[in-house]
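*Asks:* The structure file model_0.csv (CSV, N, CA and C atoms) is provided below.
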chain,number,residue,atom,x,y,z
V,1,MET,N,-50.2,-32.7,3.8
V,1,MET,CA,-50.2,-34.1,3.6
V,1,MET,C,-50.1,-34.4,2.1
V,2,GLU,N,-50.9,-33.7,1.3
V,2,GLU,CA,-50.8,-34.0,-0.2
V,2,GLU,C,-49.5,-33.7,-0.8
V,3,GLU,N,-48.8,-32.6,-0.2
V,3,GLU,CA,-47.5,-32.3,-0.7
V,3,GLU,C,-46.5,-33.4,-0.4
V,4,LYS,N,-46.6,-34.0,0.7
V,4,LYS,CA,-45.7,-35.1,1.1
V,4,LYS,C,-45.9,-36.2,0.1
V,5,ILE,N,-47.1,-36.6,-0.2
V,5,ILE,CA,-47.4,-37.7,-1.1
V,5,ILE,C,-46.9,-37.3,-2.5
V,6,TYR,N,-47.0,-36.1,-2.9
V,6,TYR,CA,-46.5,-35.7,-4.3
V,6,TYR,C,-45.0,-35.8,-4.3
V,7,LYS,N,-44.3,-35.4,-3.3
V,7,LYS,CA,-42.9,-35.5,-3.3
V,7,LYS,C,-42.4,-36.9,-3.3
V,8,THR,N,-43.1,-37.8,-2.5
V,8,THR,CA,-42.8,-39.2,-2.5
V,8,THR,C,-43.0,-39.8,-3.9
V,9,MET,N,-44.1,-39.5,-4.5
V,9,MET,CA,-44.4,-40.0,-5.9
V,9,MET,C,-43.4,-39.6,-6.9
V,10,SER,N,-43.0,-38.3,-6.8
V,10,SER,CA,-42.0,-37.8,-7.8
V,10,SER,C,-40.6,-38.4,-7.6
V,11,GLY,N,-40.2,-38.6,-6.4
V,11,GLY,CA,-39.0,-39.3,-6.1
V,11,GLY,C,-39.0,-40.7,-6.5
V,12,SER,N,-40.1,-41.4,-6.3
V,12,SER,CA,-40.2,-42.8,-6.7
V,12,SER,C,-40.2,-42.9,-8.2
V,13,GLY,N,-40.8,-42.0,-8.9
V,13,GLY,CA,-40.9,-42.0,-10.4
V,13,GLY,C,-39.5,-41.8,-11.0
V,14,ALA,N,-38.7,-40.8,-10.4
V,14,ALA,CA,-37.4,-40.6,-10.9
V,14,ALA,C,-36.5,-41.8,-10.6
V,15,LEU,N,-36.6,-42.4,-9.5
V,15,LEU,CA,-35.8,-43.6,-9.2
V,15,LEU,C,-36.2,-44.7,-10.2
V,16,ASN,N,-37.4,-44.9,-10.5
V,16,ASN,CA,-37.8,-45.9,-11.5
V,16,ASN,C,-37.2,-45.7,-12.8
V,17,ILE,N,-37.1,-44.5,-13.2
V,17,ILE,CA,-36.5,-44.1,-14.5
V,17,ILE,C,-35.1,-44.4,-14.5
V,18,VAL,N,-34.4,-44.1,-13.4
V,18,VAL,CA,-32.9,-44.3,-13.3
V,18,VAL,C,-32.6,-45.8,-13.3
V,19,VAL,N,-33.4,-46.6,-12.6
V,19,VAL,CA,-33.2,-48.0,-12.5
V,19,VAL,C,-33.5,-48.6,-13.9
V,20,GLY,N,-34.5,-48.1,-14.6
V,20,GLY,CA,-34.8,-48.7,-15.9
V,20,GLY,C,-33.7,-48.4,-16.9
V,21,VAL,N,-33.1,-47.2,-16.9
V,21,VAL,CA,-32.0,-46.9,-17.8
V,21,VAL,C,-30.8,-47.8,-17.5
V,22,ILE,N,-30.5,-47.9,-16.2
V,22,ILE,CA,-29.3,-48.8,-15.8
V,22,ILE,C,-29.5,-50.2,-16.2
V,23,THR,N,-30.8,-50.7,-16.1
V,23,THR,CA,-31.1,-52.1,-16.5
V,23,THR,C,-30.9,-52.2,-18.0
V,24,LEU,N,-31.4,-51.3,-18.7
V,24,LEU,CA,-31.3,-51.3,-20.2
V,24,LEU,C,-29.9,-51.3,-20.7
V,25,VAL,N,-29.1,-50.4,-20.1
V,25,VAL,CA,-27.6,-50.4,-20.5
V,25,VAL,C,-26.9,-51.7,-20.1
V,26,GLY,N,-27.2,-52.2,-18.9
V,26,GLY,CA,-26.6,-53.5,-18.5
V,26,GLY,C,-27.0,-54.6,-19.4
V,27,GLY,N,-28.3,-54.6,-19.8
V,27,GLY,CA,-28.8,-55.7,-20.7
V,27,GLY,C,-28.1,-55.6,-22.1
V,28,ILE,N,-28.0,-54.5,-22.6
V,28,ILE,CA,-27.4,-54.3,-23.9
V,28,ILE,C,-25.9,-54.7,-23.9
V,29,THR,N,-25.3,-54.2,-22.8
V,29,THR,CA,-23.8,-54.5,-22.7
V,29,THR,C,-23.6,-56.0,-22.5
V,30,GLY,N,-24.4,-56.7,-21.7
V,30,GLY,CA,-24.3,-58.1,-21.5
V,30,GLY,C,-24.6,-58.9,-22.8
V,31,GLY,N,-25.6,-58.4,-23.6
V,31,GLY,CA,-25.9,-59.1,-24.9
V,31,GLY,C,-24.7,-58.9,-25.9
V,32,VAL,N,-24.1,-57.8,-25.9
V,32,VAL,CA,-23.0,-57.5,-26.9
V,32,VAL,C,-21.8,-58.4,-26.5
V,33,LEU,N,-21.5,-58.5,-25.2
V,33,LEU,CA,-20.4,-59.3,-24.7
V,33,LEU,C,-20.7,-60.8,-25.0
V,34,LEU,N,-21.9,-61.2,-24.9
V,34,LEU,CA,-22.2,-62.6,-25.2
V,34,LEU,C,-22.0,-62.9,-26.7
V,35,ILE,N,-22.5,-62.0,-27.5
V,35,ILE,CA,-22.3,-62.2,-29.0
V,35,ILE,C,-20.8,-62.2,-29.3
V,36,ILE,N,-20.0,-61.3,-28.8
V,36,ILE,CA,-18.6,-61.3,-29.1
V,36,ILE,C,-17.9,-62.6,-28.6
V,37,SER,N,-18.2,-63.0,-27.4
V,37,SER,CA,-17.5,-64.2,-26.9
V,37,SER,C,-18.0,-65.4,-27.7
V,38,GLY,N,-19.2,-65.5,-28.1
V,38,GLY,CA,-19.7,-66.6,-28.9
V,38,GLY,C,-19.1,-66.6,-30.3
V,39,ALA,N,-18.9,-65.5,-30.9
V,39,ALA,CA,-18.2,-65.4,-32.2
V,39,ALA,C,-16.7,-65.8,-32.1
V,40,LYS,N,-16.1,-65.5,-31.0
V,40,LYS,CA,-14.7,-65.9,-30.8
V,40,LYS,C,-14.6,-67.4,-30.6
V,41,LEU,N,-15.6,-68.0,-29.9
V,41,LEU,CA,-15.6,-69.4,-29.8
V,41,LEU,C,-15.8,-70.1,-31.1
V,42,LEU,N,-16.7,-69.6,-31.9
V,42,LEU,CA,-17.0,-70.2,-33.2
V,42,LEU,C,-15.8,-70.1,-34.1
V,43,ALA,N,-15.1,-68.9,-34.1
V,43,ALA,CA,-14.0,-68.7,-34.9
V,43,ALA,C,-12.8,-69.6,-34.5
V,44,GLY,N,-12.6,-69.9,-33.2
V,44,GLY,CA,-11.5,-70.7,-32.8
V,44,GLY,C,-11.8,-72.2,-32.7
V,45,LYS,N,-13.0,-72.6,-33.2
V,45,LYS,CA,-13.4,-74.0,-33.0
V,45,LYS,C,-12.5,-74.9,-33.8
V,46,SER,N,-12.0,-74.4,-35.0
V,46,SER,CA,-11.2,-75.3,-35.8
V,46,SER,C,-9.8,-75.5,-35.2
V,47,LYS,N,-9.4,-74.7,-34.3
V,47,LYS,CA,-8.0,-74.8,-33.7
V,47,LYS,C,-8.0,-75.8,-32.5
V,48,ILE,N,-9.1,-76.3,-32.1
V,48,ILE,CA,-9.2,-77.2,-30.9
V,48,ILE,C,-9.0,-78.6,-31.4
V,49,LEU,N,-8.1,-79.3,-30.8
V,49,LEU,CA,-7.9,-80.8,-31.1
V,49,LEU,C,-8.3,-81.6,-29.9
V,50,PHE,N,-9.0,-82.7,-30.1
V,50,PHE,CA,-9.4,-83.6,-29.0
V,50,PHE,C,-8.6,-84.9,-29.1
Now that the file is in, can you turn its structure into C-alpha coordinates?
*Replies:*
Amino acid sequence: MEEKIYKTMSGSGALNIVVGVITLVGGITGGVLLIISGAKLLAGKSKILF
(Lines of atoms letter the chains of each structure in order from A and count residues from 1; the text may use other names and numbers.)
(Lines give C-alpha, C1' and ligand atoms only; values in the text may rest on other atoms or scores of the structure.)
Protein backbone atom coordinates (compact mmCIF):
# COMPACT_ATOMS: atom_id res chain seq x y z
CA MET A 1 0.00 0.00 0.00
CA GLU A 2 2.77 2.45 0.90
CA GLU A 3 4.58 1.72 -2.36
CA LYS A 4 1.46 2.59 -4.37
CA ILE A 5 1.14 5.91 -2.52
CA TYR A 6 4.84 6.64 -3.11
CA LYS A 7 4.50 5.98 -6.86
CA THR A 8 1.39 8.16 -7.06
CA MET A 9 3.12 11.01 -5.23
CA SER A 10 6.24 10.83 -7.40
CA GLY A 11 4.15 10.84 -10.59
CA SER A 12 2.12 13.77 -9.35
CA GLY A 13 5.27 15.69 -8.41
CA ALA A 14 6.81 15.14 -11.82
CA LEU A 15 3.59 16.26 -13.52
CA ASN A 16 3.51 19.43 -11.41
CA ILE A 17 7.07 20.28 -12.42
CA VAL A 18 6.29 19.74 -16.13
CA VAL A 19 3.13 21.86 -15.97
CA GLY A 20 5.05 24.58 -14.11
CA VAL A 21 7.77 24.71 -16.76
CA ILE A 22 5.21 24.82 -19.58
CA THR A 23 3.33 27.63 -17.84
CA LEU A 24 6.55 29.58 -17.28
CA VAL A 25 7.61 29.27 -20.93
CA GLY A 26 4.13 30.21 -22.14
CA GLY A 27 4.03 33.24 -19.86
CA ILE A 28 7.42 34.49 -20.96
CA THR A 29 6.58 33.94 -24.62
CA GLY A 30 3.27 35.75 -24.26
CA GLY A 31 4.91 38.67 -22.49
CA VAL A 32 7.58 39.05 -25.16
CA LEU A 33 4.98 38.94 -27.93
CA LEU A 34 2.91 41.62 -26.18
CA ILE A 35 5.95 43.88 -25.77
CA ILE A 36 6.89 43.48 -29.44
CA SER A 37 3.37 44.17 -30.70
CA GLY A 38 3.05 47.20 -28.39
CA ALA A 39 6.34 48.60 -29.66
CA LYS A 40 5.20 48.16 -33.26
CA LEU A 41 1.95 49.97 -32.50
CA LEU A 42 3.79 52.86 -30.87
CA ALA A 43 6.29 53.07 -33.72
CA GLY A 44 3.52 53.15 -36.36
CA LYS A 45 1.34 55.62 -34.44
CA SER A 46 2.53 58.60 -36.50
CA LYS A 47 1.55 56.91 -39.79
CA ILE A 48 -2.15 56.68 -38.88
CA LEU A 49 -4.42 59.43 -40.15
CA PHE A 50 -7.95 60.00 -38.88
*Asks:* What is the distance, in Å and to one decimal place, between atom C of Ala14 (chain V) and CA of Glu2 (chain V)?
*Replies:*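 Separation of atom C of Ala14 (chain V) and CA of Glu2 (chain V): 19.3 Å.
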*Asks:* Would you give me, as a PyMOL selection string, the residues in chain V that DSSP reads as alpha helix (DSSP H)?
*Replies:* chain V and resi 2-43
*Asks:* Report the distance between atom N of Met9 (chain V) and CA of Ile28 (chain V) in Å, rounded to one decimal place.
*Replies:*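 Going from atom N of Met9 (chain V) over to CA of Ile28 (chain V) covers 29.6 Å.
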*Asks:* Between atom N of Gly38 (chain V) and CA of Val19 (chain V), what distance in Å does the model show, to one decimal?
*Replies:* 27.3 Å
